[in-house]
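Student: Here you go, this is run-v3.cif (mmCIF, C-alpha atoms).
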data_protein
#
loop_
_atom_site.label_atom_id
_atom_site.label_comp_id
_atom_site.auth_asym_id
_atom_site.auth_seq_id
_atom_site.Cartn_x
_atom_site.Cartn_y
_atom_site.Cartn_z
CA MET U 1 -33.14 -19.00 53.70
CA LYS U 2 -36.15 -17.17 55.10
CA ASP U 3 -35.37 -14.23 52.87
CA MET U 4 -35.18 -16.51 49.90
CA SER U 5 -38.60 -18.06 50.47
CA LEU U 6 -40.14 -14.64 51.08
CA PHE U 7 -38.54 -13.42 47.87
CA ALA U 8 -39.92 -16.39 45.92
CA LEU U 9 -43.37 -15.95 47.44
CA PHE U 10 -43.60 -12.25 46.75
CA SER U 11 -42.21 -12.40 43.24
CA THR U 12 -44.59 -15.23 42.31
CA VAL U 13 -47.62 -13.49 43.78
CA GLY U 14 -46.57 -10.23 42.21
CA ALA U 15 -46.08 -11.83 38.83
CA LEU U 16 -49.46 -13.58 38.95
CA LEU U 17 -51.26 -10.40 40.01
CA ALA U 18 -49.45 -8.41 37.35
CA ILE U 19 -50.33 -10.78 34.54
CA ALA U 20 -53.94 -11.04 35.77
CA LEU U 21 -54.46 -7.29 35.80
CA GLY U 22 -52.31 -6.77 32.74
CA VAL U 23 -54.44 -9.14 30.70
CA MET U 24 -57.77 -8.01 32.10
CA PHE U 25 -57.61 -4.38 31.09
CA PRO U 26 -56.26 -4.88 27.57
CA ALA U 27 -58.98 -7.52 27.13
CA LEU U 28 -61.62 -4.96 28.07
CA ALA U 29 -60.06 -2.46 25.68
CA MET U 30 -59.90 -4.99 22.86
CA GLY U 31 -63.52 -5.97 23.41
CA ARG U 32 -64.56 -2.34 23.25
CA SER U 33 -62.62 -1.69 20.07
CA ILE U 34 -63.92 -4.83 18.37
CA SER U 35 -67.51 -4.03 19.26
CA ARG U 36 -67.12 -0.49 17.97
CA ALA U 37 -65.55 -1.77 14.78
CA LEU U 38 -68.45 -4.18 14.29
CA ASP U 39 -70.90 -1.32 14.87
CA ALA U 40 -69.12 0.73 12.24
CA LEU U 41 -69.04 -2.26 9.92
CA ALA U 42 -72.79 -2.83 10.30
CA ARG U 43 -73.45 0.80 9.53
CA GLN U 44 -71.08 1.11 6.59
CA PRO U 45 -70.19 -2.27 5.14
CA GLU U 46 -68.54 -0.58 2.16
CA ALA U 47 -65.82 0.87 4.42
CA GLU U 48 -64.79 -2.62 5.49
CA LYS U 49 -61.21 -2.35 4.32
CA SER U 50 -60.22 0.77 6.19
CA ILE U 51 -62.19 -0.20 9.29
CA LEU U 52 -60.51 -3.57 9.49
CA ARG U 53 -57.07 -2.07 8.93
CA ALA U 54 -57.57 0.45 11.71
CA LEU U 55 -58.98 -2.31 13.90
CA PHE U 56 -55.95 -4.53 13.37
CA ILE U 57 -53.48 -1.75 14.04
CA GLY U 58 -55.41 -0.75 17.15
CA LEU U 59 -55.63 -4.31 18.37
CA ALA U 60 -51.89 -4.71 17.95
CA MET U 61 -51.31 -1.54 19.93
CA VAL U 62 -53.58 -2.72 22.74
CA GLU U 63 -52.18 -6.21 22.67
CA SER U 64 -48.65 -4.93 22.99
CA LEU U 65 -49.62 -3.56 26.42
CA ALA U 66 -50.35 -7.09 27.57
CA ILE U 67 -47.08 -8.18 25.99
CA TYR U 68 -45.15 -5.56 27.96
CA VAL U 69 -46.66 -6.98 31.13
CA LEU U 70 -45.70 -10.47 30.04
CA VAL U 71 -42.11 -9.44 29.38
CA ILE U 72 -41.86 -7.76 32.79
CA VAL U 73 -43.40 -10.80 34.47
CA LEU U 74 -40.94 -13.12 32.76
CA ILE U 75 -38.06 -10.90 33.84
CA VAL U 76 -39.33 -10.96 37.42
CA LEU U 77 -39.73 -14.72 37.40
CA PHE U 78 -36.61 -15.83 35.56
CA ARG U 79 -34.04 -13.02 35.46
CA ASN U 80 -34.82 -10.92 38.47
CA PRO U 81 -31.98 -8.37 38.72
CA LEU U 82 -32.65 -7.89 42.43
CA LEU U 83 -31.82 -11.51 43.13
CA ALA U 84 -28.11 -10.70 42.85
CA TYR U 85 -28.31 -8.37 45.87
CA LEU U 86 -30.09 -11.02 47.89
CA LEU U 87 -27.51 -13.68 47.11
CA LYS U 88 -24.57 -11.42 47.89
CA MET Z 1 -27.40 -13.38 25.07
CA ASP Z 2 -27.54 -16.98 26.22
CA GLU Z 3 -24.32 -18.92 26.07
CA ASN Z 4 -25.97 -22.03 24.69
CA ASN Z 5 -27.34 -20.04 21.78
CA ILE Z 6 -23.94 -19.59 20.24
CA LEU Z 7 -23.25 -21.92 17.35
CA PHE Z 8 -19.69 -20.99 16.44
CA ARG Z 9 -17.44 -17.97 16.26
CA ILE Z 10 -15.72 -16.13 13.43
CA GLY Z 11 -12.85 -14.22 15.00
CA PRO Z 12 -14.38 -11.97 17.66
CA LEU Z 13 -17.90 -12.44 16.27
CA LEU Z 14 -20.16 -14.93 18.00
CA ILE Z 15 -22.57 -16.46 15.54
CA THR Z 16 -25.82 -17.18 17.35
CA ASN Z 17 -28.67 -19.39 16.36
CA ALA Z 18 -30.74 -16.40 15.27
CA VAL Z 19 -28.02 -15.11 12.96
CA ALA Z 20 -27.52 -18.50 11.35
CA THR Z 21 -31.28 -18.93 10.85
CA THR Z 22 -31.48 -15.47 9.32
CA TRP Z 23 -28.68 -16.36 6.93
CA GLY Z 24 -30.57 -19.47 5.96
CA ILE Z 25 -33.74 -17.49 5.29
CA MET Z 26 -31.77 -14.92 3.29
CA ALA Z 27 -30.13 -17.63 1.21
CA ALA Z 28 -33.48 -19.30 0.58
CA LEU Z 29 -35.05 -15.98 -0.44
CA VAL Z 30 -32.18 -15.02 -2.73
CA LEU Z 31 -32.24 -18.42 -4.36
CA LEU Z 32 -36.02 -18.25 -4.77
CA CYS Z 33 -35.93 -14.76 -6.26
CA TRP Z 34 -33.09 -15.65 -8.60
CA GLN Z 35 -34.80 -18.83 -9.74
CA SER Z 36 -38.18 -17.24 -10.32
CA THR Z 37 -37.06 -14.02 -12.00
CA ARG Z 38 -34.66 -15.77 -14.35
CA ARG Z 39 -37.26 -16.53 -16.98
CA LEU Z 40 -39.94 -13.87 -16.74
CA LYS Z 41 -42.56 -14.11 -19.45
CA LEU Z 42 -45.19 -11.68 -20.68
CA SER Z 43 -47.86 -14.34 -20.27
CA PRO Z 44 -47.03 -15.63 -16.79
CA ASP Z 45 -47.04 -19.29 -15.91
CA ARG Z 46 -48.50 -20.45 -12.63
CA TRP Z 47 -45.56 -19.66 -10.33
CA GLN Z 48 -44.98 -16.26 -11.84
CA SER Z 49 -48.63 -15.31 -11.36
CA VAL Z 50 -48.39 -16.29 -7.71
CA LEU Z 51 -45.38 -14.01 -7.26
CA GLU Z 52 -47.01 -11.19 -9.18
CA GLY Z 53 -50.07 -11.58 -6.97
CA VAL Z 54 -47.93 -11.26 -3.86
CA VAL Z 55 -46.15 -8.15 -5.13
CA LEU Z 56 -49.40 -6.56 -6.33
CA THR Z 57 -51.10 -7.21 -2.98
CA MET Z 58 -48.25 -5.54 -1.13
CA GLN Z 59 -48.28 -2.65 -3.57
CA ASN Z 60 -52.01 -2.12 -3.08
CA ALA Z 61 -51.66 -2.31 0.69
CA ILE Z 62 -48.96 0.38 0.58
CA ASP Z 63 -51.00 2.53 -1.79
CA ASP Z 64 -53.95 2.36 0.60
CA ILE Z 65 -51.92 3.90 3.42
CA ALA Z 66 -49.47 6.12 1.54
CA PRO Z 67 -51.15 6.92 -1.80
CA GLY Z 68 -48.76 7.21 -4.72
CA LYS Z 69 -45.69 6.23 -2.68
CA SER Z 70 -45.77 2.50 -3.34
CA GLN Z 71 -42.94 2.59 -5.89
CA ARG Z 72 -40.62 4.18 -3.38
CA LEU Z 73 -41.69 2.24 -0.29
CA LEU Z 74 -42.24 -1.22 -1.73
CA PRO Z 75 -38.59 -2.35 -1.56
CA PHE Z 76 -38.27 -1.59 2.16
CA VAL Z 77 -41.73 -2.48 3.48
CA GLY Z 78 -42.13 -5.43 1.14
CA SER Z 79 -38.83 -6.94 2.25
CA LEU Z 80 -39.87 -6.45 5.87
CA TRP Z 81 -43.12 -8.29 5.23
CA ILE Z 82 -41.60 -11.19 3.34
CA TYR Z 83 -38.72 -11.62 5.76
CA LEU Z 84 -40.94 -11.42 8.83
CA VAL Z 85 -43.48 -13.91 7.51
CA LEU Z 86 -40.71 -16.41 6.85
CA ALA Z 87 -38.83 -15.65 10.06
CA ASN Z 88 -41.94 -15.95 12.23
CA LEU Z 89 -42.97 -19.20 10.59
CA THR Z 90 -39.49 -20.71 10.93
CA GLY Z 91 -40.28 -21.46 14.57
CA LEU Z 92 -42.72 -24.14 13.41
CA ILE Z 93 -39.98 -26.21 11.81
CA PRO Z 94 -38.70 -28.71 14.37
CA GLY Z 95 -35.19 -27.90 15.54
CA LEU Z 96 -35.31 -24.28 14.42
CA HIS Z 97 -36.26 -21.19 16.38
CA SER Z 98 -37.70 -17.98 15.04
CA PRO Z 99 -34.96 -15.37 14.83
CA THR Z 100 -37.64 -12.81 15.71
CA GLY Z 101 -37.96 -14.43 19.12
CA GLN Z 102 -34.67 -12.73 20.04
CA LEU Z 103 -34.81 -9.16 21.24
CA ALA Z 104 -31.60 -8.34 19.37
CA VAL Z 105 -33.16 -9.22 15.99
CA THR Z 106 -36.37 -7.28 16.52
CA SER Z 107 -34.42 -4.31 17.90
CA GLY Z 108 -32.32 -4.31 14.76
CA LEU Z 109 -35.43 -4.28 12.59
CA ALA Z 110 -37.01 -1.53 14.69
CA ILE Z 111 -33.85 0.58 14.39
CA LEU Z 112 -33.99 0.08 10.62
CA VAL Z 113 -37.57 1.34 10.63
CA PHE Z 114 -36.55 4.28 12.83
CA LEU Z 115 -33.76 5.24 10.41
CA ALA Z 116 -35.93 4.65 7.35
CA THR Z 117 -38.56 7.03 8.68
CA HIS Z 118 -36.02 9.87 8.74
CA TRP Z 119 -34.37 8.77 5.48
CA PHE Z 120 -37.61 8.86 3.51
CA GLY Z 121 -38.77 11.98 5.29
CA ILE Z 122 -35.57 13.92 4.65
CA ARG Z 123 -35.43 12.77 1.04
CA GLU Z 124 -38.96 13.99 0.53
CA ALA Z 125 -38.61 17.43 2.06
CA GLY Z 126 -34.96 18.25 2.82
CA TRP Z 127 -33.30 18.67 6.19
CA LEU Z 128 -34.79 21.86 7.53
CA PRO Z 129 -38.45 21.33 6.71
CA TYR Z 130 -38.19 17.79 8.03
CA LEU Z 131 -36.58 18.83 11.29
CA ARG Z 132 -39.05 21.68 11.65
CA HIS Z 133 -41.97 19.28 11.88
CA TYR Z 134 -40.74 18.32 15.33
CA LEU Z 135 -41.61 21.85 16.40
CA GLN Z 136 -44.89 21.56 14.64
CA PRO Z 137 -47.90 22.42 16.68
CA ASN Z 138 -45.75 24.25 19.20
CA PRO Z 139 -42.04 24.28 20.10
CA ILE Z 140 -42.98 23.28 23.65
CA LEU Z 141 -43.96 19.88 22.28
CA LEU Z 142 -40.45 19.13 20.99
CA PRO Z 143 -39.49 16.76 23.85
CA PHE Z 144 -42.77 14.91 23.51
CA ASN Z 145 -42.27 14.47 19.78
CA VAL Z 146 -38.78 13.10 20.35
CA ILE Z 147 -39.98 10.79 23.13
CA SER Z 148 -42.79 9.48 20.96
CA GLU Z 149 -40.32 8.70 18.16
CA LEU Z 150 -38.14 6.71 20.54
CA SER Z 151 -40.90 4.97 22.44
CA ARG Z 152 -42.69 3.79 19.35
CA THR Z 153 -39.46 2.28 18.07
CA LEU Z 154 -39.04 0.48 21.38
CA ALA Z 155 -42.67 -0.65 21.26
CA LEU Z 156 -42.18 -2.00 17.74
CA ALA Z 157 -39.25 -4.12 18.88
CA ILE Z 158 -40.83 -5.36 22.12
CA ARG Z 159 -44.15 -6.20 20.47
CA LEU Z 160 -42.72 -8.55 17.88
CA PHE Z 161 -40.21 -10.08 20.30
CA GLY Z 162 -42.79 -10.59 23.03
CA ASN Z 163 -45.36 -12.16 20.76
CA ILE Z 164 -43.06 -14.64 19.07
CA MET Z 165 -41.13 -15.50 22.21
CA SER Z 166 -44.29 -15.98 24.27
CA LEU Z 167 -45.81 -18.22 21.59
CA GLU Z 168 -42.81 -20.51 21.62
CA MET Z 169 -42.66 -20.46 25.37
CA ALA Z 170 -46.39 -21.20 25.71
CA ALA Z 171 -46.08 -24.21 23.41
CA LEU Z 172 -43.08 -25.38 25.43
CA LEU Z 173 -44.89 -25.03 28.76
CA VAL Z 174 -47.95 -26.88 27.50
CA LEU Z 175 -45.66 -29.59 26.22
CA LEU Z 176 -44.05 -29.87 29.64
CA VAL Z 177 -47.36 -29.98 31.47
CA ALA Z 178 -49.50 -32.03 29.13
CA GLY Z 179 -47.34 -34.05 26.79
CA LEU Z 180 -47.00 -34.86 23.12
CA LEU Z 181 -49.52 -33.58 20.52
CA VAL Z 182 -51.33 -31.39 23.05
CA PRO Z 183 -49.56 -28.17 21.93
CA VAL Z 184 -50.80 -28.64 18.35
CA PRO Z 185 -53.69 -26.15 18.73
CA LEU Z 186 -51.17 -23.67 20.12
CA LEU Z 187 -48.98 -24.22 17.08
CA MET Z 188 -51.96 -23.45 14.86
CA LEU Z 189 -52.37 -20.25 16.82
CA HIS Z 190 -48.67 -19.69 16.14
CA VAL Z 191 -49.33 -19.73 12.39
CA VAL Z 192 -52.08 -17.13 12.69
CA GLU Z 193 -50.14 -14.98 15.11
CA ALA Z 194 -46.97 -15.15 13.03
CA LEU Z 195 -48.80 -13.84 9.97
CA VAL Z 196 -50.66 -11.19 11.95
CA GLN Z 197 -47.50 -9.96 13.66
CA ALA Z 198 -45.59 -9.77 10.38
CA TYR Z 199 -48.45 -7.78 8.86
CA ILE Z 200 -48.68 -5.51 11.89
CA PHE Z 201 -44.94 -4.80 11.96
CA GLY Z 202 -44.92 -3.89 8.27
CA VAL Z 203 -48.06 -1.79 8.51
CA LEU Z 204 -46.79 0.11 11.54
CA ALA Z 205 -43.47 0.75 9.79
CA LEU Z 206 -45.48 1.97 6.81
CA VAL Z 207 -47.66 4.20 8.97
CA TYR Z 208 -44.61 5.76 10.63
CA ILE Z 209 -42.89 6.34 7.30
CA ALA Z 210 -46.06 7.74 5.80
CA GLY Z 211 -46.40 10.01 8.83
CA GLY Z 212 -42.86 11.28 8.21
CA LEU Z 213 -43.66 11.85 4.55
CA GLU Z 214 -46.96 13.56 5.17
CA SER Z 215 -45.79 15.87 7.92
CA HIS Z 216 -43.91 18.00 5.42
CA ALA Z 217 -46.82 18.13 3.04
CA ALA Z 218 -48.74 19.65 5.95
CA THR Z 219 -45.79 21.91 6.88
CA ARG Z 220 -45.39 23.09 3.33
CA SER Z 221 -49.05 23.82 2.78
CA ASP Z 222 -49.47 26.04 5.83
CA GLY Z 223 -45.87 27.26 5.85
CA GLY Z 224 -46.86 30.28 3.76
CA THR Z 225 -49.51 31.45 6.14
CA ALA Z 226 -47.58 30.71 9.31
CA SER Z 227 -44.34 32.52 8.55
#
Kindly transcribe the structure held in the file into C-alpha cells.

Tutor:
Amino acid sequence: MKDMSLFALFSTVGALLAIALGVMFPALAMGRSISRALDALARQPEAEKSILRALFIGLAMVESLAIYVLVIVLIVLFRNPLLAYLLK
Amino acid sequence: MDENNILFRIGPLLITNAVATTWGIMAALVLLCWQSTRRLKLSPDRWQSVLEGVVLTMQNAIDDIAPGKSQRLLPFVGSLWIYLVLANLTGLIPGLHSPTGQLAVTSGLAILVFLATHWFGIREAGWLPYLRHYLQPNPILLPFNVISELSRTLALAIRLFGNIMSLEMAALLVLLVAGLLVPVPLLMLHVVEALVQAYIFGVLALVYIAGGLESHAATRSDGGTAS
C-alpha cells in the first residue's frame, strides 16, 4: 500500500506542477502576441482584418500547447498506463 | 472507447453516443438545406438572405486566405465550419454531448483534412510537381517536411478534442464542487470557445490546403531557373 500512496502523491504533484508550468508559459506567449497585435493595430488600423486573423490562428497554436499539457495531465491522473504494472 | 458510451450495436458495429449525435446533426442539416433550398427566389425572403449571408461570409473568408479558390474549396471548408459549429454547440443541450469531445471524431476530421490537402494539391499540379515540393528547399529537409505534415494533423485533432472535452469537464467539475447554476458562466465561455474552435479548425484546414496549392505555384515559377 505504501507504493500506492507514493504513486498517488507523485502523480498528483507531477500533474499539478505540469499544469502550472504548462499554463504559465503559453500565457506569457499569448500576452506577448496580443500586445504585439495591438501595437500593429494601433499603427495600421486599416490592416485590422489580416492582423486579427493571424492573431487568432497564432493564439490557437499557442493555446493548443496548454491543451497538450492538459491532455497529458488528465491521462496521468485518470488513465495512467503505469498503474497496471504497479497493480500486477 | 468507454463501454457506457455505446448506445446499441448493428452487427459488429458499436454505435456510440458521438456517432448517434453526428447522425442527428447530419439529419438536421440535410433537412434544413432541403427545406430552405426548395423554393429559392431571385428576391430573397428573410430566411434565404440569412443563408446567403452565411455562404457569402464563408466565401469571403476563403477568398481572403486562398484568393480565387473559393469556388473549389467552399464545399469542403464550408461543411467543416457548419458541422463543427453545430457539433461544438450540441454539448450545451442537456442530455447531449459534443461529438467533437471524442478523440475518434476529431481524428477522423483531421485525417479528412490531411487527405484533402493532398487531393487538392495533386489536382492542382499533378503527382510529380506536388511530390517534388517535399524536396523543396533542399532534399535533406524531406523527413522534416513529412514530420510536419503528420504532426500538424495530430495537433489539429488534439486541439479540438482537448478544448471541447476540457470545457465539458470543467463545467462538470464546477458543478460537482459548487452546485446548480454556478457553471452558467462556464457554459457561456463554452459558447464562445465552441465558435472560436470551429473557426480555428476550418481556418487551419484552409491554410494547410492553401499551402498545398501554393507550393506548386512557387515550384512552377522557379522550376525553369532551377532545373

Student: Given the file above and the PyMOL selection byres ((chain U) within 7 of (chain Z)), which residues are selected, and can you give them as a PyMOL selection string?

Tutor: chain U and resi 57+60+64+67+71

Student: Take the residues from that selection and write them out as an mmCIF file, in the frame of the given file, keeping C-alpha atoms.

Tutor:
data_model
loop_
_atom_site.group_PDB
_atom_site.id
_atom_site.type_symbol
_atom_site.label_atom_id
_atom_site.label_comp_id
_atom_site.auth_asym_id
_atom_site.auth_seq_id
_atom_site.Cartn_x
_atom_site.Cartn_y
_atom_site.Cartn_z
ATOM 1 C CA ILE U 57 -53.480 -1.750 14.040
ATOM 2 C CA ALA U 60 -51.890 -4.710 17.950
ATOM 3 C CA SER U 64 -48.650 -4.930 22.990
ATOM 4 C CA ILE U 67 -47.080 -8.180 25.990
ATOM 5 C CA VAL U 71 -42.110 -9.440 29.380
#

Student: Name the residues that the PyMOL selection byres ((chain U and resi 12-21) around 7) picks from the file above, as an mmCIF file with C-alpha atoms, in the frame of the given file, using the file's chain letters and numbers.

Tutor:
data_model
loop_
_atom_site.group_PDB
_atom_site.id
_atom_site.type_symbol
_atom_site.label_atom_id
_atom_site.label_comp_id
_atom_site.auth_asym_id
_atom_site.auth_seq_id
_atom_site.Cartn_x
_atom_site.Cartn_y
_atom_site.Cartn_z
ATOM 1 C CA ALA U 8 -39.920 -16.390 45.920
ATOM 2 C CA LEU U 9 -43.370 -15.950 47.440
ATOM 3 C CA PHE U 10 -43.600 -12.250 46.750
ATOM 4 C CA SER U 11 -42.210 -12.400 43.240
ATOM 5 C CA GLY U 22 -52.310 -6.770 32.740
ATOM 6 C CA VAL U 23 -54.440 -9.140 30.700
ATOM 7 C CA MET U 24 -57.770 -8.010 32.100
ATOM 8 C CA PHE U 25 -57.610 -4.380 31.090
ATOM 9 C CA VAL U 69 -46.660 -6.980 31.130
ATOM 10 C CA LEU U 70 -45.700 -10.470 30.040
ATOM 11 C CA VAL U 73 -43.400 -10.800 34.470
ATOM 12 C CA VAL U 76 -39.330 -10.960 37.420
ATOM 13 C CA LEU U 77 -39.730 -14.720 37.400
#

Student: Expanded to explicit residues, what is the PyMOL selection byres ((chain Z and resi 186-191) around 12) for this file, as a PyMOL selection string?

Tutor: chain Z and resi 85-94+98+163-175+181-185+192-198

Student: By how many Å are atom CA of Z:Ser151 and atom CA of Z:Gln102 apart?

Tutor: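 Going from atom CA of Z:Ser151 over to atom CA of Z:Gln102 covers 18.9 Å.
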
Student: Write out as a PyMOL selection string each polymer residue whose atoms come within 10 Å of stretch 209-214 of chain Z, counting all atoms listed in the file; drop sequence neighbours fewer than 2 positions from it.

Tutor: chain Z and resi 62+65-67+69+73+77+113-125+130+133+203-207+216-220

Student: Quick one: distance from atom CA of Z:Trp34 to atom CA of Z:Tyr83 in Å, one decimal?

Tutor: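 If I compute the distance from atom CA of Z:Trp34 to atom CA of Z:Tyr83, I get 15.9 Å.
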
Student: Would you work out the distance separating atom CA of U:Phe56 from atom CA of Z:Ile25, expressed in Å to one decimal?

Tutor: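 Separating atom CA of U:Phe56 from atom CA of Z:Ile25 is a distance of 27.0 Å.
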
Student: If we count only C-alpha atoms and set the cut-off at 9 Å, which residues sit around U:Pro26, ignoring sequence neighbours fewer than 6 positions away in its own chain? Please answer as a PyMOL selection string.

Tutor: chain U and resi 62-66

Student: Please rebuild stretch 41-56 of chain U with N, CA and C atoms and return the result as a PDB file, in the frame of the given file.

Tutor:
ATOM      1  N   LEU U  41     -68.942  -1.379  11.087  1.00  0.00           N
ATOM      2  CA  LEU U  41     -69.040  -2.260   9.920  1.00  0.00           C
ATOM      3  C   LEU U  41     -70.499  -2.493   9.557  1.00  0.00           C
ATOM      4  N   ALA U  42     -71.378  -2.619  10.584  1.00  0.00           N
ATOM      5  CA  ALA U  42     -72.790  -2.830  10.300  1.00  0.00           C
ATOM      6  C   ALA U  42     -73.387  -1.594   9.667  1.00  0.00           C
ATOM      7  N   ARG U  43     -72.888  -0.428  10.073  1.00  0.00           N
ATOM      8  CA  ARG U  43     -73.450   0.800   9.530  1.00  0.00           C
ATOM      9  C   ARG U  43     -72.939   1.055   8.125  1.00  0.00           C
ATOM     10  N   GLN U  44     -71.677   0.802   7.901  1.00  0.00           N
ATOM     11  CA  GLN U  44     -71.080   1.110   6.590  1.00  0.00           C
ATOM     12  C   GLN U  44     -70.269  -0.066   6.097  1.00  0.00           C
ATOM     13  N   PRO U  45     -70.940  -1.085   5.577  1.00  0.00           N
ATOM     14  CA  PRO U  45     -70.190  -2.270   5.140  1.00  0.00           C
ATOM     15  C   PRO U  45     -69.202  -1.958   4.017  1.00  0.00           C
ATOM     16  N   GLU U  46     -69.439  -0.863   3.282  1.00  0.00           N
ATOM     17  CA  GLU U  46     -68.540  -0.580   2.160  1.00  0.00           C
ATOM     18  C   GLU U  46     -67.190  -0.062   2.638  1.00  0.00           C
ATOM     19  N   ALA U  47     -67.103   0.369   3.899  1.00  0.00           N
ATOM     20  CA  ALA U  47     -65.820   0.870   4.420  1.00  0.00           C
ATOM     21  C   ALA U  47     -65.043  -0.230   5.107  1.00  0.00           C
ATOM     22  N   GLU U  48     -65.350  -1.488   4.759  1.00  0.00           N
ATOM     23  CA  GLU U  48     -64.790  -2.620   5.490  1.00  0.00           C
ATOM     24  C   GLU U  48     -63.265  -2.574   5.551  1.00  0.00           C
ATOM     25  N   LYS U  49     -62.666  -2.249   4.388  1.00  0.00           N
ATOM     26  CA  LYS U  49     -61.210  -2.350   4.320  1.00  0.00           C
ATOM     27  C   LYS U  49     -60.523  -1.432   5.329  1.00  0.00           C
ATOM     28  N   SER U  50     -60.924  -0.169   5.306  1.00  0.00           N
ATOM     29  CA  SER U  50     -60.220   0.770   6.190  1.00  0.00           C
ATOM     30  C   SER U  50     -60.571   0.510   7.638  1.00  0.00           C
ATOM     31  N   ILE U  51     -61.821   0.091   7.897  1.00  0.00           N
ATOM     32  CA  ILE U  51     -62.190  -0.200   9.290  1.00  0.00           C
ATOM     33  C   ILE U  51     -61.368  -1.351   9.815  1.00  0.00           C
ATOM     34  N   LEU U  52     -61.257  -2.403   9.008  1.00  0.00           N
ATOM     35  CA  LEU U  52     -60.510  -3.570   9.490  1.00  0.00           C
ATOM     36  C   LEU U  52     -59.033  -3.247   9.679  1.00  0.00           C
ATOM     37  N   ARG U  53     -58.488  -2.407   8.780  1.00  0.00           N
ATOM     38  CA  ARG U  53     -57.070  -2.070   8.930  1.00  0.00           C
ATOM     39  C   ARG U  53     -56.847  -1.304  10.219  1.00  0.00           C
ATOM     40  N   ALA U  54     -57.714  -0.307  10.461  1.00  0.00           N
ATOM     41  CA  ALA U  54     -57.570   0.450  11.710  1.00  0.00           C
ATOM     42  C   ALA U  54     -57.773  -0.457  12.901  1.00  0.00           C
ATOM     43  N   LEU U  55     -58.724  -1.398  12.781  1.00  0.00           N
ATOM     44  CA  LEU U  55     -58.980  -2.310  13.900  1.00  0.00           C
ATOM     45  C   LEU U  55     -57.748  -3.150  14.198  1.00  0.00           C
ATOM     46  N   PHE U  56     -57.115  -3.667  13.135  1.00  0.00           N
ATOM     47  CA  PHE U  56     -55.950  -4.530  13.370  1.00  0.00           C
ATOM     48  C   PHE U  56     -54.807  -3.746  13.991  1.00  0.00           C
TER      49      PHE U  56
END
